[in-house]
Amino acid sequence: MPPRQPTASPSSGPSPTAPAAPRRRSYDQYCAVARSLDAVGDRWSLLIVRELLAGPRRYTDLHADLPGVSTDVLASRLKDLEREGLATRRRLPPPTAAHVYELTPRGAELLPVLTALAAWGVPELAEPRPTDAVRAHWYAVPLLALLDPLGVPGVLDVTLEDGVFHLRLGARDAARYGDGPAAGADAGLALSAATCRELTAGRLTLADGVRDGLVTVAGEGPLAAALRAAG
């Protein structure tokens with residue numbers, strides 16, 4: 001019996017020594033939209049970027065927060081993003097010694113693309129369907145679009161009924177949000193997912209939400225003050 005071939009550990013993602021996948025087909029159109037879709041137009045690619053906006057992520061973490069993606073497809077899309085120069089894979093130092101994926105500066109430039117898609121898709125968000133997976137941090141991108149224009153940098157904890165995440169307002173690096181509360185956050189925001197949808201759809205202002213008791217702002221610094229006054 002031939003010796004069994006080693007397989008990649010799911011905790012570290014696809015093996016770096018695996019043969020490179022053939023380059024995906026191009027639209028072969030001299031058009032900026034077509035070139036963009038050549039790079040990130042495949043199913044799951046932009047959702048992987050959404051997850052990597054939280055900073056370095058292990059393969060297992062990405063798989064857990066992308067319900068419905070197969071391990072083969074996830075591995076393939078990560079290789080595509082690496083090939084396009086949008087993401088990189090590196091090994092963390094001991095004692096962790098795990099591999100993580102993270103966006104390159106070029107990959108982080110996709111945030112406005114996701115912001116535009118989120119703004120376009122907000123009207124499609126009513127009550128979650130019974131089959132819908134839900135993660136609290138999936139509200140991060142539309143909330144960044146709403147709160148970054150306040151012009152007050154800082155770290156904001158956001159508490160929804162589905163969990164807690166934090167935003168890095170005004171940050172210039174690739175990691176714009178993260179799961180869980182942040183150490184030493186500048187302010188806190190507590191609201192329901194339904195209220196969050198109303199805010200990001202432009203049907204409710206933060207000031208009105210605070211006044212009506214739908215939004216609670218914690219903190220006393222400049223960021224908290226700007227949140228309470230946002231019209």
# chains A, B, ... in the order shown; residues from 1 in each chain; ligands from 1

$ select_by_dssp --residues "segment 2-133 of chain A" --states "strand (DSSP E or B)" --output "ChimeraX atom specification"
/A:57-58,87-91,99-103

$ residues_around --residues "segment 196-203 of chain A" --least-positions-apart "2" --cutoff "8 Å" --atoms "only C-alpha atoms" --output "mmCIF file with C-alpha atoms, in the first residue's frame"
data_model
loop_
_atom_site.group_PDB
_atom_site.id
_atom_site.type_symbol
_atom_site.label_atom_id
_atom_site.label_comp_id
_atom_site.auth_asym_id
_atom_site.auth_seq_id
_atom_site.Cartn_x
_atom_site.Cartn_y
_atom_site.Cartn_z
ATOM 1 C CA ALA A 119 -25.622 51.092 1.342
ATOM 2 C CA VAL A 122 -29.649 48.017 3.333
ATOM 3 C CA PRO A 123 -33.181 48.342 1.877
ATOM 4 C CA LEU A 125 -32.703 43.996 5.157
ATOM 5 C CA TYR A 139 -23.095 45.630 10.895
ATOM 6 C CA PRO A 142 -22.464 50.227 7.276
ATOM 7 C CA LEU A 143 -21.815 51.684 10.746
ATOM 8 C CA LEU A 146 -22.352 56.311 9.107
ATOM 9 C CA LEU A 191 -28.806 49.516 20.399
ATOM 10 C CA SER A 192 -30.913 46.823 18.803
ATOM 11 C CA ALA A 193 -30.229 45.366 15.380
ATOM 12 C CA ALA A 194 -33.532 46.860 14.181
ATOM 13 C CA THR A 205 -30.570 59.912 13.300
ATOM 14 C CA LEU A 206 -28.367 59.123 16.254
#

$ closest_residue --among "A:His137, A:Arg228, A:His99, A:Arg106" --to "Thr60 of chain A" --atoms "only C-alpha atoms"
A:His99

$ closest_residue --among "A:Pro94, A:Val134, A:Ala224, A:Leu114" --to "Asp157 of chain A" --atoms "only C-alpha atoms"
A:Ala224

$ closest_atom_pairs --of "segment 157-223 of chain A" --to "segment 44-55 of chain A" --cutoff "9 Å" --atoms "only C-alpha atoms" --output "Markdown table"
| residue | atom | partner | partner_atom | distance |
| --- | --- | --- | --- | --- |
| A:Ala174 | CA | A:Leu53 | CA | 5.8 |
| A:Ala175 | CA | A:Gly55 | CA | 4.3 |
| A:Arg176 | CA | A:Leu53 | CA | 5.7 |
| A:Tyr177 | CA | A:Ala54 | CA | 4.7 |
| A:Gly178 | CA | A:Ala54 | CA | 4.8 |
| A:Asp179 | CA | A:Ala54 | CA | 7.6 |
